[in-house]
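Engineer: Sharing data_29.pdb here; it has PDB, C-alpha atoms, pLDDT in the B column.
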```
ATOM      1  CA  MET A   1     -69.290 -86.378  19.515  1.00 82.00           C
ATOM      2  CA  ILE A   2     -70.113 -83.054  17.881  1.00 88.00           C
ATOM      3  CA  LEU A   3     -71.658 -80.117  19.693  1.00 92.00           C
ATOM      4  CA  THR A   4     -73.344 -77.565  17.459  1.00 94.00           C
ATOM      5  CA  TYR A   5     -74.314 -74.404  19.267  1.00 95.00           C
ATOM      6  CA  TYR A   6     -76.796 -71.935  17.791  1.00 95.00           C
ATOM      7  CA  PRO A   7     -76.229 -68.672  19.653  1.00 94.00           C
ATOM      8  CA  ASP A   8     -79.314 -66.838  18.438  1.00 91.00           C
ATOM      9  CA  THR A   9     -81.605 -69.387  20.065  1.00 91.00           C
ATOM     10  CA  ASP A  10     -79.179 -70.547  22.785  1.00 93.00           C
ATOM     11  CA  THR A  11     -79.753 -74.080  21.508  1.00 93.00           C
ATOM     12  CA  LEU A  12     -77.243 -76.910  21.482  1.00 94.00           C
ATOM     13  CA  ASP A  13     -77.418 -79.982  19.255  1.00 93.00           C
ATOM     14  CA  VAL A  14     -75.397 -82.929  20.514  1.00 91.00           C
ATOM     15  CA  ASP A  15     -74.661 -85.394  17.750  1.00 89.00           C
ATOM     16  CA  PHE A  16     -73.447 -88.828  18.774  1.00 83.00           C
ATOM     17  CA  ASP A  17     -72.943 -89.979  15.196  1.00 69.00           C
ATOM     18  CA  ILE A  18     -69.284 -89.531  14.538  1.00 53.00           C
ATOM     19  CA  PRO A  19     -67.512 -90.937  11.520  1.00 49.00           C
ATOM     20  CA  HIS A  20     -64.523 -92.346  13.388  1.00 45.00           C
ATOM     21  CA  PRO A  21     -65.022 -95.991  14.364  1.00 41.00           C
ATOM     22  CA  GLU A  22     -61.843 -96.007  16.421  1.00 43.00           C
ATOM     23  CA  GLU A  23     -63.656 -93.709  18.831  1.00 43.00           C
ATOM     24  CA  TYR A  24     -66.455 -96.164  19.422  1.00 40.00           C
ATOM     25  CA  GLU A  25     -65.568 -96.674  23.039  1.00 50.00           C
ATOM     26  CA  THR A  26     -65.886 -92.993  23.746  1.00 51.00           C
ATOM     27  CA  LEU A  27     -69.082 -92.799  21.749  1.00 52.00           C
ATOM     28  CA  GLN A  28     -70.531 -95.671  23.711  1.00 57.00           C
ATOM     29  CA  GLU A  29     -69.660 -93.953  26.938  1.00 58.00           C
ATOM     30  CA  ALA A  30     -71.274 -90.781  25.696  1.00 56.00           C
ATOM     31  CA  ARG A  31     -74.427 -92.644  24.744  1.00 59.00           C
ATOM     32  CA  GLU A  32     -74.641 -94.417  28.074  1.00 61.00           C
ATOM     33  CA  SER A  33     -74.116 -91.182  29.909  1.00 56.00           C
ATOM     34  CA  ALA A  34     -76.821 -89.498  27.845  1.00 58.00           C
ATOM     35  CA  GLU A  35     -79.219 -92.397  28.384  1.00 58.00           C
ATOM     36  CA  LYS A  36     -78.792 -92.078  32.131  1.00 56.00           C
ATOM     37  CA  ARG A  37     -79.169 -88.355  32.010  1.00 50.00           C
ATOM     38  CA  ILE A  38     -82.379 -88.228  30.093  1.00 50.00           C
ATOM     39  CA  LYS A  39     -84.059 -91.060  32.018  1.00 45.00           C
ATOM     40  CA  VAL A  40     -86.109 -92.301  29.119  1.00 39.00           C
ATOM     41  CA  MET A  41     -86.750 -95.838  30.210  1.00 30.00           C
ATOM     42  CA  SER A  42     -90.020 -96.852  28.601  1.00 36.00           C
ATOM     43  CA  PRO A  43     -89.876 -99.166  25.580  1.00 37.00           C
ATOM     44  CA  SER A  44     -90.413 -97.568  22.235  1.00 42.00           C
ATOM     45  CA  THR A  45     -91.886 -98.778  18.993  1.00 41.00           C
ATOM     46  CA  PRO A  46     -89.399 -99.946  16.380  1.00 40.00           C
ATOM     47  CA  ASN A  47     -89.370 -97.540  13.506  1.00 43.00           C
ATOM     48  CA  GLU A  48     -86.835 -97.776  10.740  1.00 37.00           C
ATOM     49  CA  GLU A  49     -87.967 -94.920   8.608  1.00 40.00           C
ATOM     50  CA  GLU A  50     -88.268 -91.987  10.876  1.00 46.00           C
ATOM     51  CA  VAL A  51     -86.387 -90.219  13.570  1.00 58.00           C
ATOM     52  CA  ASP A  52     -88.471 -89.886  16.709  1.00 66.00           C
ATOM     53  CA  THR A  53     -88.165 -87.386  19.446  1.00 72.00           C
ATOM     54  CA  TYR A  54     -88.764 -87.682  23.158  1.00 70.00           C
ATOM     55  CA  ASP A  55     -88.905 -85.181  25.918  1.00 69.00           C
ATOM     56  CA  ALA A  56     -85.812 -85.932  27.898  1.00 67.00           C
ATOM     57  CA  GLU A  57     -86.696 -84.162  31.112  1.00 67.00           C
ATOM     58  CA  PRO A  58     -89.847 -82.790  32.721  1.00 63.00           C
ATOM     59  CA  SER A  59     -89.578 -79.260  31.411  1.00 67.00           C
ATOM     60  CA  GLY A  60     -89.476 -80.678  27.895  1.00 65.00           C
ATOM     61  CA  GLN A  61     -86.608 -78.478  26.868  1.00 79.00           C
ATOM     62  CA  THR A  62     -84.086 -81.211  26.306  1.00 85.00           C
ATOM     63  CA  LEU A  63     -85.101 -83.418  23.409  1.00 86.00           C
ATOM     64  CA  ALA A  64     -83.714 -86.856  22.698  1.00 84.00           C
ATOM     65  CA  HIS A  65     -83.604 -87.955  19.073  1.00 84.00           C
ATOM     66  CA  TYR A  66     -83.941 -91.650  18.321  1.00 80.00           C
ATOM     67  CA  PHE A  67     -83.564 -93.531  15.097  1.00 76.00           C
ATOM     68  CA  ASP A  68     -84.490 -97.193  15.081  1.00 71.00           C
ATOM     69  CA  ASN A  69     -84.562 -97.089  18.880  1.00 73.00           C
ATOM     70  CA  GLN A  70     -81.017 -95.838  19.130  1.00 77.00           C
ATOM     71  CA  LEU A  71     -80.187 -92.492  20.611  1.00 80.00           C
ATOM     72  CA  HIS A  72     -78.553 -90.366  17.946  1.00 83.00           C
ATOM     73  CA  GLY A  73     -78.563 -86.981  19.545  1.00 86.00           C
ATOM     74  CA  LEU A  74     -79.909 -84.420  21.934  1.00 88.00           C
ATOM     75  CA  THR A  75     -81.196 -80.918  21.543  1.00 91.00           C
ATOM     76  CA  ILE A  76     -80.728 -78.780  24.624  1.00 90.00           C
ATOM     77  CA  GLU A  77     -82.587 -75.491  24.784  1.00 89.00           C
ATOM     78  CA  HIS A  78     -81.202 -72.718  27.000  1.00 89.00           C
ATOM     79  CA  ALA A  79     -77.881 -74.447  26.622  1.00 91.00           C
ATOM     80  CA  THR A  80     -75.836 -71.871  28.528  1.00 91.00           C
ATOM     81  CA  ARG A  81     -77.881 -72.813  31.594  1.00 88.00           C
ATOM     82  CA  CYS A  82     -78.760 -76.449  30.966  1.00 86.00           C
ATOM     83  CA  ALA A  83     -75.782 -78.063  29.207  1.00 87.00           C
ATOM     84  CA  PRO A  84     -73.030 -79.681  31.283  1.00 85.00           C
ATOM     85  CA  ALA A  85     -70.639 -77.018  32.555  1.00 86.00           C
ATOM     86  CA  ALA A  86     -67.644 -78.918  31.176  1.00 84.00           C
ATOM     87  CA  TRP A  87     -68.830 -78.166  27.649  1.00 86.00           C
ATOM     88  CA  LYS A  88     -68.272 -74.443  28.275  1.00 88.00           C
ATOM     89  CA  ILE A  89     -71.205 -73.238  26.220  1.00 92.00           C
ATOM     90  CA  GLU A  90     -71.006 -69.742  27.690  1.00 94.00           C
ATOM     91  CA  ALA A  91     -67.506 -69.445  26.205  1.00 93.00           C
ATOM     92  CA  LEU A  92     -68.808 -70.546  22.783  1.00 93.00           C
ATOM     93  CA  ARG A  93     -71.586 -67.963  23.050  1.00 95.00           C
ATOM     94  CA  LYS A  94     -69.134 -65.186  23.879  1.00 95.00           C
ATOM     95  CA  GLU A  95     -66.867 -66.212  21.042  1.00 94.00           C
ATOM     96  CA  ALA A  96     -69.817 -66.169  18.635  1.00 95.00           C
ATOM     97  CA  ALA A  97     -70.743 -62.649  19.779  1.00 96.00           C
ATOM     98  CA  ARG A  98     -67.152 -61.472  19.387  1.00 95.00           C
ATOM     99  CA  VAL A  99     -67.025 -62.858  15.840  1.00 95.00           C
ATOM    100  CA  ALA A 100     -70.371 -61.225  14.984  1.00 95.00           C
ATOM    101  CA  ALA A 101     -69.171 -57.880  16.367  1.00 95.00           C
ATOM    102  CA  SER A 102     -65.866 -57.988  14.542  1.00 93.00           C
ATOM    103  CA  THR A 103     -67.005 -59.383  11.176  1.00 93.00           C
ATOM    104  CA  GLY A 104     -70.427 -57.768  10.907  1.00 93.00           C
ATOM    105  CA  ARG A 105     -71.926 -61.092   9.912  1.00 93.00           C
ATOM    106  CA  VAL A 106     -74.598 -63.244  11.523  1.00 93.00           C
ATOM    107  CA  VAL A 107     -73.059 -66.175  13.396  1.00 93.00           C
ATOM    108  CA  GLU A 108     -75.305 -69.117  12.621  1.00 92.00           C
ATOM    109  CA  SER A 109     -73.546 -71.791  14.616  1.00 93.00           C
ATOM    110  CA  VAL A 110     -70.400 -72.855  16.399  1.00 94.00           C
ATOM    111  CA  ALA A 111     -69.485 -76.504  15.932  1.00 93.00           C
ATOM    112  CA  TYR A 112     -67.178 -78.116  18.435  1.00 89.00           C
ATOM    113  CA  ASP A 113     -65.814 -81.646  18.151  1.00 85.00           C
ATOM    114  CA  LEU A 114     -65.318 -82.692  21.753  1.00 79.00           C
ATOM    115  CA  ILE A 115     -63.139 -85.644  20.854  1.00 77.00           C
ATOM    116  CA  GLN A 116     -60.926 -84.022  18.237  1.00 80.00           C
ATOM    117  CA  ASP A 117     -60.950 -80.698  20.139  1.00 82.00           C
ATOM    118  CA  ARG A 118     -61.693 -78.810  16.914  1.00 86.00           C
ATOM    119  CA  LYS A 119     -63.950 -75.799  16.600  1.00 90.00           C
ATOM    120  CA  SER A 120     -65.478 -74.072  13.585  1.00 92.00           C
ATOM    121  CA  ILE A 121     -67.686 -71.011  13.346  1.00 94.00           C
ATOM    122  CA  HIS A 122     -70.280 -70.722  10.599  1.00 93.00           C
ATOM    123  CA  THR A 123     -71.405 -67.253   9.586  1.00 91.00           C
ATOM    124  CA  GLY A 124     -74.281 -66.225   7.369  1.00 88.00           C
ATOM    125  CA  GLN A 125     -75.552 -63.034   5.789  1.00 87.00           C
ATOM    126  CA  LEU A 126     -74.376 -59.532   6.591  1.00 90.00           C
ATOM    127  CA  GLY A 127     -75.615 -57.912   9.766  1.00 89.00           C
ATOM    128  CA  PRO A 128     -74.673 -59.392  13.120  1.00 90.00           C
ATOM    129  CA  TYR A 129     -78.138 -59.461  14.680  1.00 90.00           C
ATOM    130  CA  SER A 130     -80.794 -62.080  14.500  1.00 85.00           C
ATOM    131  CA  PRO A 131     -84.076 -60.406  13.505  1.00 82.00           C
ATOM    132  CA  HIS A 132     -86.249 -62.661  15.681  1.00 85.00           C
ATOM    133  CA  THR A 133     -86.229 -60.342  18.672  1.00 85.00           C
ATOM    134  CA  SER A 134     -89.410 -61.644  20.273  1.00 86.00           C
ATOM    135  CA  ASP A 135     -87.322 -64.370  21.851  1.00 89.00           C
ATOM    136  CA  GLU A 136     -85.385 -63.752  25.046  1.00 89.00           C
ATOM    137  CA  ALA A 137     -82.429 -65.830  23.849  1.00 90.00           C
ATOM    138  CA  VAL A 138     -82.139 -63.714  20.715  1.00 91.00           C
ATOM    139  CA  ARG A 139     -82.382 -60.435  22.624  1.00 93.00           C
ATOM    140  CA  ASP A 140     -79.675 -61.563  25.052  1.00 93.00           C
ATOM    141  CA  PHE A 141     -77.357 -62.575  22.229  1.00 95.00           C
ATOM    142  CA  ASN A 142     -77.944 -59.297  20.380  1.00 95.00           C
ATOM    143  CA  ALA A 143     -77.151 -57.409  23.596  1.00 95.00           C
ATOM    144  CA  LEU A 144     -73.941 -59.409  23.983  1.00 95.00           C
ATOM    145  CA  ILE A 145     -72.900 -58.408  20.452  1.00 95.00           C
ATOM    146  CA  ASP A 146     -73.636 -54.768  21.338  1.00 95.00           C
ATOM    147  CA  ARG A 147     -71.357 -54.973  24.369  1.00 95.00           C
ATOM    148  CA  TYR A 148     -68.487 -56.337  22.252  1.00 94.00           C
ATOM    149  CA  ARG A 149     -69.043 -53.666  19.601  1.00 91.00           C
ATOM    150  CA  GLU A 150     -68.968 -50.924  22.256  1.00 91.00           C
ATOM    151  CA  LYS A 151     -65.738 -52.345  23.672  1.00 88.00           C
ATOM    152  CA  THR A 152     -64.208 -52.453  20.183  1.00 82.00           C
ATOM    153  CA  THR A 153     -65.281 -48.883  19.457  1.00 81.00           C
ATOM    154  CA  ALA A 154     -63.939 -47.629  22.796  1.00 79.00           C
ATOM    155  CA  ALA A 155     -60.580 -49.367  22.345  1.00 70.00           C
TER     156      ALA A 155
ATOM    157  CA  MET B   1     -96.287 -67.928   9.387  1.00 92.00           C
ATOM    158  CA  LYS B   2     -92.547 -67.331   9.475  1.00 94.00           C
ATOM    159  CA  PHE B   3     -89.757 -69.828  10.013  1.00 94.00           C
ATOM    160  CA  HIS B   4     -86.713 -69.292  12.181  1.00 92.00           C
ATOM    161  CA  PRO B   5     -83.489 -70.497  10.495  1.00 88.00           C
ATOM    162  CA  TYR B   6     -83.180 -73.086  13.265  1.00 91.00           C
ATOM    163  CA  PHE B   7     -86.224 -74.878  11.837  1.00 93.00           C
ATOM    164  CA  ASP B   8     -84.316 -75.923   8.731  1.00 90.00           C
ATOM    165  CA  ARG B   9     -81.132 -76.644  10.655  1.00 88.00           C
ATOM    166  CA  SER B  10     -82.964 -78.958  13.020  1.00 88.00           C
ATOM    167  CA  ARG B  11     -84.531 -81.019  10.259  1.00 87.00           C
ATOM    168  CA  LYS B  12     -81.486 -83.268  10.309  1.00 85.00           C
ATOM    169  CA  TRP B  13     -83.156 -84.905  13.330  1.00 86.00           C
ATOM    170  CA  HIS B  14     -86.598 -85.258  11.766  1.00 86.00           C
ATOM    171  CA  PRO B  15     -86.427 -84.841   8.000  1.00 85.00           C
ATOM    172  CA  LEU B  16     -90.011 -85.908   7.371  1.00 87.00           C
ATOM    173  CA  VAL B  17     -91.459 -82.887   9.134  1.00 92.00           C
ATOM    174  CA  THR B  18     -91.634 -80.333   6.357  1.00 93.00           C
ATOM    175  CA  ARG B  19     -92.491 -76.646   6.575  1.00 96.00           C
ATOM    176  CA  ASP B  20     -95.918 -77.463   5.202  1.00 97.00           C
ATOM    177  CA  ILE B  21     -96.602 -80.058   7.919  1.00 96.00           C
ATOM    178  CA  ALA B  22     -95.336 -77.749  10.666  1.00 97.00           C
ATOM    179  CA  GLU B  23     -97.517 -74.905   9.454  1.00 97.00           C
ATOM    180  CA  ARG B  24    -100.600 -77.113   9.221  1.00 97.00           C
ATOM    181  CA  VAL B  25    -100.131 -78.380  12.770  1.00 97.00           C
ATOM    182  CA  ALA B  26     -99.462 -74.870  14.085  1.00 97.00           C
ATOM    183  CA  ASN B  27    -102.690 -73.678  12.515  1.00 97.00           C
ATOM    184  CA  SER B  28    -104.901 -76.622  13.466  1.00 95.00           C
ATOM    185  CA  HIS B  29    -103.529 -77.756  16.822  1.00 95.00           C
ATOM    186  CA  GLU B  30    -105.508 -79.641  19.419  1.00 95.00           C
ATOM    187  CA  ARG B  31    -103.429 -78.516  22.406  1.00 95.00           C
ATOM    188  CA  GLU B  32    -101.330 -75.486  23.272  1.00 96.00           C
ATOM    189  CA  GLU B  33     -99.015 -74.671  26.182  1.00 93.00           C
ATOM    190  CA  VAL B  34     -96.819 -71.669  26.869  1.00 93.00           C
ATOM    191  CA  GLN B  35     -93.360 -72.534  28.143  1.00 88.00           C
ATOM    192  CA  GLU B  36     -91.736 -70.619  30.982  1.00 84.00           C
ATOM    193  CA  ASP B  37     -89.520 -68.898  28.435  1.00 85.00           C
ATOM    194  CA  GLY B  38     -92.557 -67.615  26.537  1.00 90.00           C
ATOM    195  CA  ARG B  39     -92.184 -70.013  23.635  1.00 91.00           C
ATOM    196  CA  ILE B  40     -95.391 -71.724  22.597  1.00 95.00           C
ATOM    197  CA  ARG B  41     -95.892 -75.452  22.108  1.00 94.00           C
ATOM    198  CA  ARG B  42     -98.670 -76.752  19.940  1.00 96.00           C
ATOM    199  CA  TRP B  43     -99.589 -80.351  19.259  1.00 95.00           C
ATOM    200  CA  GLY B  44    -101.643 -81.709  16.437  1.00 96.00           C
ATOM    201  CA  TYR B  45    -102.086 -84.835  14.367  1.00 95.00           C
ATOM    202  CA  SER B  46    -100.477 -84.999  10.952  1.00 95.00           C
ATOM    203  CA  ASP B  47    -102.375 -87.177   8.510  1.00 94.00           C
ATOM    204  CA  GLN B  48     -99.375 -87.097   6.215  1.00 93.00           C
ATOM    205  CA  LEU B  49     -97.081 -88.593   8.840  1.00 91.00           C
ATOM    206  CA  ASN B  50     -99.761 -90.508  10.688  1.00 90.00           C
ATOM    207  CA  ARG B  51     -98.164 -89.155  13.854  1.00 90.00           C
ATOM    208  CA  TYR B  52     -98.594 -86.470  16.455  1.00 92.00           C
ATOM    209  CA  VAL B  53     -96.320 -83.524  15.847  1.00 94.00           C
ATOM    210  CA  ARG B  54     -95.192 -80.860  18.290  1.00 93.00           C
ATOM    211  CA  VAL B  55     -94.494 -77.391  16.948  1.00 95.00           C
ATOM    212  CA  ILE B  56     -92.518 -74.822  18.937  1.00 94.00           C
ATOM    213  CA  LEU B  57     -93.150 -71.167  18.159  1.00 96.00           C
ATOM    214  CA  LEU B  58     -91.309 -68.088  19.377  1.00 93.00           C
ATOM    215  CA  PRO B  59     -93.231 -65.864  21.801  1.00 93.00           C
ATOM    216  CA  ASP B  60     -94.533 -63.782  18.879  1.00 93.00           C
ATOM    217  CA  GLY B  61     -96.791 -66.722  18.006  1.00 95.00           C
ATOM    218  CA  GLU B  62     -95.884 -66.340  14.343  1.00 94.00           C
ATOM    219  CA  THR B  63     -92.383 -67.760  14.001  1.00 95.00           C
ATOM    220  CA  ILE B  64     -91.944 -71.516  13.940  1.00 96.00           C
ATOM    221  CA  LEU B  65     -88.722 -72.538  15.666  1.00 94.00           C
ATOM    222  CA  ASN B  66     -88.921 -76.325  15.614  1.00 93.00           C
ATOM    223  CA  ALA B  67     -91.325 -79.156  14.836  1.00 94.00           C
ATOM    224  CA  PHE B  68     -90.974 -82.881  15.378  1.00 91.00           C
ATOM    225  CA  PRO B  69     -92.875 -86.140  15.840  1.00 89.00           C
ATOM    226  CA  ASP B  70     -93.608 -86.412  19.536  1.00 87.00           C
ATOM    227  CA  ARG B  71     -93.854 -89.949  20.866  1.00 79.00           C
ATOM    228  CA  ASP B  72     -94.101 -88.619  24.398  1.00 77.00           C
ATOM    229  CA  TYR B  73     -97.323 -86.843  23.550  1.00 82.00           C
ATOM    230  CA  GLU B  74     -98.544 -89.876  21.616  1.00 77.00           C
ATOM    231  CA  ARG B  75     -98.054 -92.081  24.664  1.00 75.00           C
ATOM    232  CA  ARG B  76     -99.834 -89.645  26.960  1.00 75.00           C
ATOM    233  CA  HIS B  77    -102.639 -89.237  24.444  1.00 74.00           C
ATOM    234  CA  SER B  78    -103.198 -92.977  24.021  1.00 74.00           C
ATOM    235  CA  SER B  79    -103.163 -93.645  27.779  1.00 72.00           C
ATOM    236  CA  SER B  80    -105.688 -90.914  28.629  1.00 65.00           C
TER     237      SER B  80
END
```
Reformat the file's structure so that it appears as structure tokens.

Structural biologist:
Amino acid sequence: MILTYYPDTDTLDVDFDIPHPEEYETLQEARESAEKRIKVMSPSTPNEEEVDTYDAEPSGQTLAHYFDNQLHGLTIEHATRCAPAAWKIEALRKEAARVAASTGRVVESVAYDLIQDRKSIHTGQLGPYSPHTSDEAVRDFNALIDRYREKTTAA
Amino acid sequence: MKFHPYFDRSRKWHPLVTRDIAERVANSHEREEVQEDGRIRRWGYSDQLNRYVRVILLPDGETILNAFPDRDYERRHSSS
């Protein structure tokens, strides 16, 4: 199970498609847990060509992605608040801000393989800040980068 | 309209929803709601996909964050 966290939008993609068949049992558990969590119980129309998306909770800010009626993933908005605490998204967010402050590059995503316990940080163009400042999540992340830069400068 | 980088990243979940489709729906929506976080949801029918599509915009109303086929909306629409 791969978590991909996008710090500039505070969005988390949870991908249940993992390429290791020996981990099927864990994957199955993850799927069942997700199915319970999102409470999407109504039957859906078979569709082999297209990924469909459901609202997974009343606020509509967790999305469940189905392909051929099988849950393949989730998108959780406001992940620092809404994702399970055990996934430690706040720590990923802080790490992303630290990397942005120290490298001067935009951190596009932090990928974390929950099963393999492996983490990778993907950076993009120069300049640590996301330009889309009309969004609260972006402003918060930019402010977090500022705090780390100030600490670095003061040290 | 502008596109947030997340739009392209998120297309792994719904590859058929192109920038063109998202922009068309955003500009010719039949319903709009503002989320608590200020982001804007718009729904519209895509003739290309033959489906209802939801588009999420940032609070500036100009930047498309995400767009996807929305079966939830389709169900509500067909039952009303």

Engineer: Looking at all atoms listed in the file, which of B:Arg24, B:His14, B:Arg41, B:Arg75 is the one that sits closest to Gly61 (chain B)?

Structural biologist: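 Checking each candidate against Gly61 (chain B), we get B:Arg41 as the closest.
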
Engineer: Using only C-alpha atoms, which protein or nucleic acid residues come within 10 Å of Tyr52 (chain B)? Drop anything in the same chain fewer than 2 positions from it, and give the result as a PyMOL selection string.

Structural biologist: chain B and resi 25+43-47+49-50+54-55+68-75+77

Engineer: Which value, in Å to one decimal, gives the distance between CA of Tyr129 (chain A) and CA of Phe141 (chain A)?

Structural biologist: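 It comes out at 8.2 Å.
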
Engineer: For chain A, which of B:Leu16, B:Met1, B:Ile64, B:Ile40 is the closest residue, counting all atoms listed in the file?

Structural biologist: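 Counting all atoms listed in the file, the residue closest to chain A is B:Leu16.
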
Engineer: Pick out the residues sitting within 7 Å of region 2-5 of chain A, and hand them over as an NGL selection string; count only C-alpha atoms, and ignore anything fewer than 5 positions along from it in its own chain.

Structural biologist: :A and (11-16 or 109-114)

Engineer: Could the residues in this selection be saved with C-alpha atoms as an mmCIF file, in the coordinates of the input?

Structural biologist:
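Generated output (out13.cif):
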```cif
data_model
loop_
_atom_site.group_PDB
_atom_site.id
_atom_site.type_symbol
_atom_site.label_atom_id
_atom_site.label_comp_id
_atom_site.auth_asym_id
_atom_site.auth_seq_id
_atom_site.Cartn_x
_atom_site.Cartn_y
_atom_site.Cartn_z
ATOM 1 C CA THR A 11 -79.753 -74.080 21.508
ATOM 2 C CA LEU A 12 -77.243 -76.910 21.482
ATOM 3 C CA ASP A 13 -77.418 -79.982 19.255
ATOM 4 C CA VAL A 14 -75.397 -82.929 20.514
ATOM 5 C CA ASP A 15 -74.661 -85.394 17.750
ATOM 6 C CA PHE A 16 -73.447 -88.828 18.774
ATOM 7 C CA SER A 109 -73.546 -71.791 14.616
ATOM 8 C CA VAL A 110 -70.400 -72.855 16.399
ATOM 9 C CA ALA A 111 -69.485 -76.504 15.932
ATOM 10 C CA TYR A 112 -67.178 -78.116 18.435
ATOM 11 C CA ASP A 113 -65.814 -81.646 18.151
ATOM 12 C CA LEU A 114 -65.318 -82.692 21.753
#
```

Engineer: Which residues, named as in the file, does the PyMOL selection byres ((chain A and resi 140) around 12) pick out? Answer as number ranges by chain.

Structural biologist: A: 7-10, 78, 80, 93-94, 97, 129-130, 132-139, 141-147

Engineer: Could you check the closest approach to Ile21 (chain B) for each of B:Asp60, B:Leu65, B:Val53, B:Asp37 and tell me which residue wins, using all atoms listed in the file?

Structural biologist: B:Val53

Engineer: Taking into account all atoms listed in the file, which residue in the set B:Leu58, B:Arg42, B:Val34, B:Asn66 is nearest to chain A?

Structural biologist: B:Leu58

Engineer: Could you check how far CA of Glu77 (chain A) sits from CA of Arg39 (chain B), in Å to one decimal?

Structural biologist: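 Distance between the two atoms: 11.1 Å.
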
Engineer: Mind giving me the straight-line distance from CA of Ala101 (chain A) to CA of Pro128 (chain A) in Å, one decimal?

Structural biologist: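 According to the coordinates, CA of Ala101 (chain A) and CA of Pro128 (chain A) are separated by 6.6 Å.
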
Engineer: Applied to this file, what does the PyMOL selection byres ((chain A and resi 66) around 9) return in terms of residues, put as a PyMOL selection string?

Structural biologist: (chain A and resi 50-54+64-65+67-73) or (chain B and resi 13)

Engineer: Got a sec to resolve the PyMOL selection byres ((chain A and resi 125) around 10) on this structure and send the residues as a CSV table (one decimal) with C-alpha atoms, in the frame of the given file?

Structural biologist:
```csv
chain,number,residue,atom,x,y,z
A,104,GLY,CA,-70.4,-57.8,10.9
A,105,ARG,CA,-71.9,-61.1,9.9
A,106,VAL,CA,-74.6,-63.2,11.5
A,107,VAL,CA,-73.1,-66.2,13.4
A,108,GLU,CA,-75.3,-69.1,12.6
A,123,THR,CA,-71.4,-67.3,9.6
A,124,GLY,CA,-74.3,-66.2,7.4
A,126,LEU,CA,-74.4,-59.5,6.6
A,127,GLY,CA,-75.6,-57.9,9.8
A,128,PRO,CA,-74.7,-59.4,13.1
A,129,TYR,CA,-78.1,-59.5,14.7
```

Engineer: Counting only C-alpha atoms, figure out which residue out of B:Arg19, B:Arg51, B:Gly38, B:Ser78 gets nearest to His4 (chain B).

Structural biologist: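 When distances to His4 (chain B) are compared using only C-alpha atoms, the smallest one comes from B:Arg19.
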